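Here is the structure we will look at, set down as structure tokens.
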2 protein chains.
Amino acid sequence: MIDEFTQSGKQIYADLQEAVKTKKKCFAILFDPEEINHFGSSSRGIKKKQLLTSGQASEHLNLDYRVTEALLVDQLQKLPKYTTHLFVGGSTATQTQTQLTVQILKKNTDLPILLFPGDYKQITKEADGILFLSLLSGENPEYLIRQQIKSVQQLQHADLEIIPTGYILIDGGRETTVQRVSHTQALPQDDIEYIVNIALAGEYSGKKLIYLEAGSGALKTVSTEIIQAVKSVISIPLIVGGGIRTQIKLQQIYEAGADLVVVGTAFEKGEF
Amino acid sequence: MIDEFTQSGKQIYADLQEAVKTKKKCFAILFDPEEINHFGSSSRGIKKKQLLTSGQASEHLNLDYRVTEALLVDQLQKLPKYTTHLFVGGSTATQTQTQLTVQILKKNTDLPILLFPGDYKQITKEADGILFLSLLSGENPEYLIRQQIKSVQQLQHADLEIIPTGYILIDGGRETTVQRVSHTQALPQDDIEYIVNIALAGEYSGKKLIYLEAGSGALKTVSTEIIQAVKSVISIPLIVGGGIRTQIKLQQIYEAGADLVVVGTAFEKGEF
């Protein structure tokens with residue numbers, strides 16, 4: 001069978017499959033371009049204002065390349081050693097913010113950079129690949145087909161490895177930005193059978209990844225019961241993210257069956 | 001890269017890709033179980049009533065195996081020699097009708113039998129594979145995600161080759177059953193750019209086939225301009241169906257870029 005990725009030298013998904021096969025766990029840090037580009041919003045030790053001289057302060061502060069680069073380089077130095085992927089995206093980040101973040105990361109690391117876009121406007125060709133999301137847990141056509149159609153023009157002119165991803169929101173104990181932006185509800189954690197069925201429907205309809213998401217800064221992570229149940233039926237790699245703050249939790253989630261775990265907020269806050 | 005189909009000995013999609021690669025055209029006859037199982041609705045020479053003795057007439061007429069088999073065997077004998085696939089499905093067929101049709105076809109032909117279901121209830125494990133449809137041209141969540149979720153239980157217990165298919169309804173000059181059942185509109189033929197974008201969005205989101213459908217008994221087929229435009233950008237096989245009544249039209253559609261053409265109504269009516 002023809003494999004469009006390896007044919008064109010694209011390897012992120014093939015490498016991920018190899019990792020799953022050899023039982024190596026993957027770990028991604030999620031960078032939210034909006035957080036990084038807003039004055040002082042990073043709390044990883046260096047605040048933008050500490051880097052600014054009066055001459056640097058300008059009304060174009062958000063786009064100041066040097067300031068953002070200093071922040072990102074600082075964060076890259078603090079990456080856990082087991083980090084295998086960088087995700088870039090957020091529910092409300094702009095294209096300029098995303099592009100700047102990706103450009104700087106690309107210049108300063110060899111880790112694969114995957115877009116994890118909250119909106120088609122965040123697509124930027126400087127990344128290595130894109131998690132092409134379908135929000136399967138919701139029933140909003142905007143995130144099942146319209147955003148995907150709107151993405152086409154930018155993707156056609158980019159050379160991104162496109163990885164179809166079934167994205168499933170699970171209740172993490174508080175309303176998340178994704179829910180608010182997508183006008184969909186997260187699924188209750190106790191409806192495991194329904195969550196499993198959605199994941200399988202995703203695989204059957206062509207997704208190459210399933211992503212269980214409790215939401216940025218979730219109060220509780222996706223339960224190990226859900227992860228086990230989904231992992232036991234799907235044959236594609238499983239991503240889990242949202243609310244993961246400790247090494248113990250990380251290990252539990254890996255042991256339950258996650259192939260790739262995503263940490264965002266806890267890293268921003270210096271907890272990882 | 002792992003290929004789930006060839007691993008489990010499933011070959012329909014791999015064979016289709018091989019055909020595309022070697023520029024062999026494929027041809028499918030679509031059997032609508034509802035048409036076949038309804039008294040006298042077939043007009044391929046043999047009417048059910050001609051086959052019935054008074055003893056056979058019963059209130060379970062629709063399910064009479066021998067009558068349906070006689071009809072289907074008759075139709076199989078009339079298949080064009082270049083037929084490569086049989087599709088079974090319809091907008092309103094029942095599971096029993098579908099199962100009976102598939103069982104009889106399976107017994108009487110070696111051609112691969114693919115379900116083309118209008119509803120998850122039509123899934124029957126006796127077929128070789130299933131076009132697992134997402135109705136990308138509509139914005140009805142029922143046909144973008146709900147039907148897919150409802151299908152999971154039956155698919156899990158079957159051994160069907162599941163082929164994710166992006167299904168796109170194009171205006172064929174009259175309202176079709178699919179439109180009526182799915183509560184979606186067909187796309188106007190002149191909006192080629194939008195149709196192309198939907199097809200690409202389908203490929204990017206994991207579909208392995210794109211199916212351009214003018215509808216059963218369409219007054220006009222999908223235009224060669226649309227077929228050319230779609231074929232020029234997608235890298236997965238392209239299916240075209242609806243309203244194809246003549247060899248000349250069939251050749252035009254192949255030349256425009258269709259890899260597999262589906263004929264239903266015109267075959268039922270003896271025109272193919």
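Residues in the structure tokens are named by chain (A, B, ... in the order shown) and by number from 1 within that chain; ligands are numbered from 1 in the order shown.
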
Hey, what's within 10 Å of Asn108 of chain A if we count only C-alpha atoms and toss same-chain stuff fewer than 4 positions away? As a list of chain:residue names, please?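 Listed by chain and then number, they are A:Glu69, A:Leu72, A:Val73, A:Leu76, A:Gln77, A:Val102, A:Gln103, A:Ile104.
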
Using only C-alpha atoms, find which residues of chain B lie within 8 Å of chain A and jot them down as an mmCIF file with N, CA and C atoms, in the first residue's frame.
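What landed in out_11.cif:
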data_model
loop_
_atom_site.group_PDB
_atom_site.id
_atom_site.type_symbol
_atom_site.label_atom_id
_atom_site.label_comp_id
_atom_site.auth_asym_id
_atom_site.auth_seq_id
_atom_site.Cartn_x
_atom_site.Cartn_y
_atom_site.Cartn_z
ATOM 1 N N MET B 1 5.230 1.260 7.443
ATOM 2 C CA MET B 1 3.982 1.589 8.139
ATOM 3 C C MET B 1 3.051 0.369 8.153
ATOM 4 N N ILE B 2 2.413 0.185 9.279
ATOM 5 C CA ILE B 2 1.499 -0.944 9.406
ATOM 6 C C ILE B 2 0.268 -0.728 8.536
ATOM 7 N N ASP B 3 -0.115 -1.738 7.842
ATOM 8 C CA ASP B 3 -1.319 -1.643 7.022
ATOM 9 C C ASP B 3 -2.311 -2.676 7.520
ATOM 10 N N ALA B 14 -6.438 -2.274 -1.264
ATOM 11 C CA ALA B 14 -5.108 -2.432 -1.871
ATOM 12 C C ALA B 14 -5.252 -2.720 -3.371
ATOM 13 N N GLN B 17 -6.160 0.485 -5.150
ATOM 14 C CA GLN B 17 -4.986 1.345 -5.325
ATOM 15 C C GLN B 17 -4.098 0.842 -6.455
ATOM 16 N N PHE B 132 -17.329 3.110 4.477
ATOM 17 C CA PHE B 132 -17.745 3.758 5.727
ATOM 18 C C PHE B 132 -17.864 5.251 5.424
ATOM 19 N N LEU B 133 -19.107 5.680 5.200
ATOM 20 C CA LEU B 133 -19.360 6.995 4.622
ATOM 21 C C LEU B 133 -19.402 8.116 5.650
ATOM 22 N N SER B 134 -18.829 9.251 5.269
ATOM 23 C CA SER B 134 -19.088 10.521 5.960
ATOM 24 C C SER B 134 -19.657 11.455 4.903
ATOM 25 N N LEU B 136 -19.830 14.453 3.608
ATOM 26 C CA LEU B 136 -19.050 15.682 3.794
ATOM 27 C C LEU B 136 -19.721 16.916 3.211
ATOM 28 N N GLU B 139 -24.070 19.351 6.364
ATOM 29 C CA GLU B 139 -23.589 19.796 7.667
ATOM 30 C C GLU B 139 -24.453 19.174 8.749
ATOM 31 N N ASN B 140 -25.009 18.010 8.448
ATOM 32 C CA ASN B 140 -25.858 17.327 9.409
ATOM 33 C C ASN B 140 -25.016 16.375 10.265
ATOM 34 N N PRO B 141 -24.881 16.687 11.562
ATOM 35 C CA PRO B 141 -24.045 15.847 12.432
ATOM 36 C C PRO B 141 -24.477 14.388 12.438
ATOM 37 N N LEU B 144 -22.360 12.960 9.901
ATOM 38 C CA LEU B 144 -20.932 13.273 10.055
ATOM 39 C C LEU B 144 -20.325 12.494 11.215
ATOM 40 N N ILE B 145 -21.152 12.195 12.253
ATOM 41 C CA ILE B 145 -20.587 11.509 13.405
ATOM 42 C C ILE B 145 -21.551 10.529 14.095
ATOM 43 N N GLN B 148 -21.961 7.102 12.453
ATOM 44 C CA GLN B 148 -20.675 6.402 12.567
ATOM 45 C C GLN B 148 -20.538 5.773 13.948
ATOM 46 N N ILE B 149 -20.961 6.520 14.976
ATOM 47 C CA ILE B 149 -20.883 5.992 16.339
ATOM 48 C C ILE B 149 -21.847 4.814 16.498
ATOM 49 N N LYS B 150 -23.047 4.973 15.928
ATOM 50 C CA LYS B 150 -24.035 3.898 16.033
ATOM 51 C C LYS B 150 -23.580 2.627 15.309
ATOM 52 N N SER B 151 -22.702 2.791 14.324
ATOM 53 C CA SER B 151 -22.235 1.640 13.541
ATOM 54 C C SER B 151 -21.251 0.760 14.290
ATOM 55 N N VAL B 152 -20.635 1.329 15.324
ATOM 56 C CA VAL B 152 -19.470 0.681 15.923
ATOM 57 C C VAL B 152 -19.766 -0.726 16.398
ATOM 58 N N GLN B 153 -20.896 -0.886 17.095
ATOM 59 C CA GLN B 153 -21.166 -2.189 17.685
ATOM 60 C C GLN B 153 -21.224 -3.298 16.623
ATOM 61 N N ILE B 162 -13.039 -2.129 6.364
ATOM 62 C CA ILE B 162 -13.678 -0.816 6.526
ATOM 63 C C ILE B 162 -12.898 0.233 5.735
ATOM 64 N N ILE B 163 -13.566 0.847 4.790
ATOM 65 C CA ILE B 163 -12.887 1.829 3.940
ATOM 66 C C ILE B 163 -13.511 3.209 4.164
ATOM 67 N N PRO B 164 -12.810 4.087 4.897
ATOM 68 C CA PRO B 164 -13.337 5.428 5.156
ATOM 69 C C PRO B 164 -13.541 6.194 3.844
ATOM 70 N N THR B 165 -14.743 6.672 3.640
ATOM 71 C CA THR B 165 -15.121 7.258 2.349
ATOM 72 C C THR B 165 -15.766 8.627 2.533
ATOM 73 N N ASN B 197 -12.433 21.660 -2.533
ATOM 74 C CA ASN B 197 -11.979 21.851 -1.153
ATOM 75 C C ASN B 197 -12.563 20.800 -0.206
ATOM 76 N N ILE B 198 -13.825 20.439 -0.423
ATOM 77 C CA ILE B 198 -14.420 19.401 0.415
ATOM 78 C C ILE B 198 -13.712 18.068 0.195
ATOM 79 N N LEU B 200 -10.650 17.560 -0.754
ATOM 80 C CA LEU B 200 -9.330 17.613 -0.112
ATOM 81 C C LEU B 200 -9.453 17.552 1.409
ATOM 82 N N ALA B 201 -10.443 18.250 1.952
ATOM 83 C CA ALA B 201 -10.663 18.185 3.403
ATOM 84 C C ALA B 201 -10.930 16.743 3.816
ATOM 85 N N TYR B 204 -7.548 14.914 3.743
ATOM 86 C CA TYR B 204 -6.729 15.348 4.884
ATOM 87 C C TYR B 204 -7.264 14.777 6.201
ATOM 88 N N SER B 205 -8.579 14.580 6.267
ATOM 89 C CA SER B 205 -9.129 14.094 7.531
ATOM 90 C C SER B 205 -9.207 12.563 7.576
ATOM 91 N N GLY B 206 -8.545 11.909 6.633
ATOM 92 C CA GLY B 206 -8.340 10.473 6.756
ATOM 93 C C GLY B 206 -9.124 9.588 5.805
ATOM 94 N N LYS B 207 -9.930 10.191 4.921
ATOM 95 C CA LYS B 207 -10.699 9.348 4.006
ATOM 96 C C LYS B 207 -9.764 8.668 3.015
ATOM 97 N N LYS B 208 -10.129 7.430 2.645
ATOM 98 C CA LYS B 208 -9.310 6.684 1.693
ATOM 99 C C LYS B 208 -9.925 6.668 0.302
#

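Interatomic distance, atom CA of Gly241 of chain A against atom CA of Lys81 of chain A: 18.5 Å.
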
Check the DSSP output for the backbone and give back, as an MDAnalysis selection string, the residues of segment 14-188 of chain B in strand (DSSP E or B). chainID B and resid 26:31 85:88 113:115 129:135 161:170 187

I need the helix (DSSP H, G or I) residues of segment 165-228 of chain A per DSSP on the backbone, written as number ranges by chain. A: 177-182, 192-204, 224-228
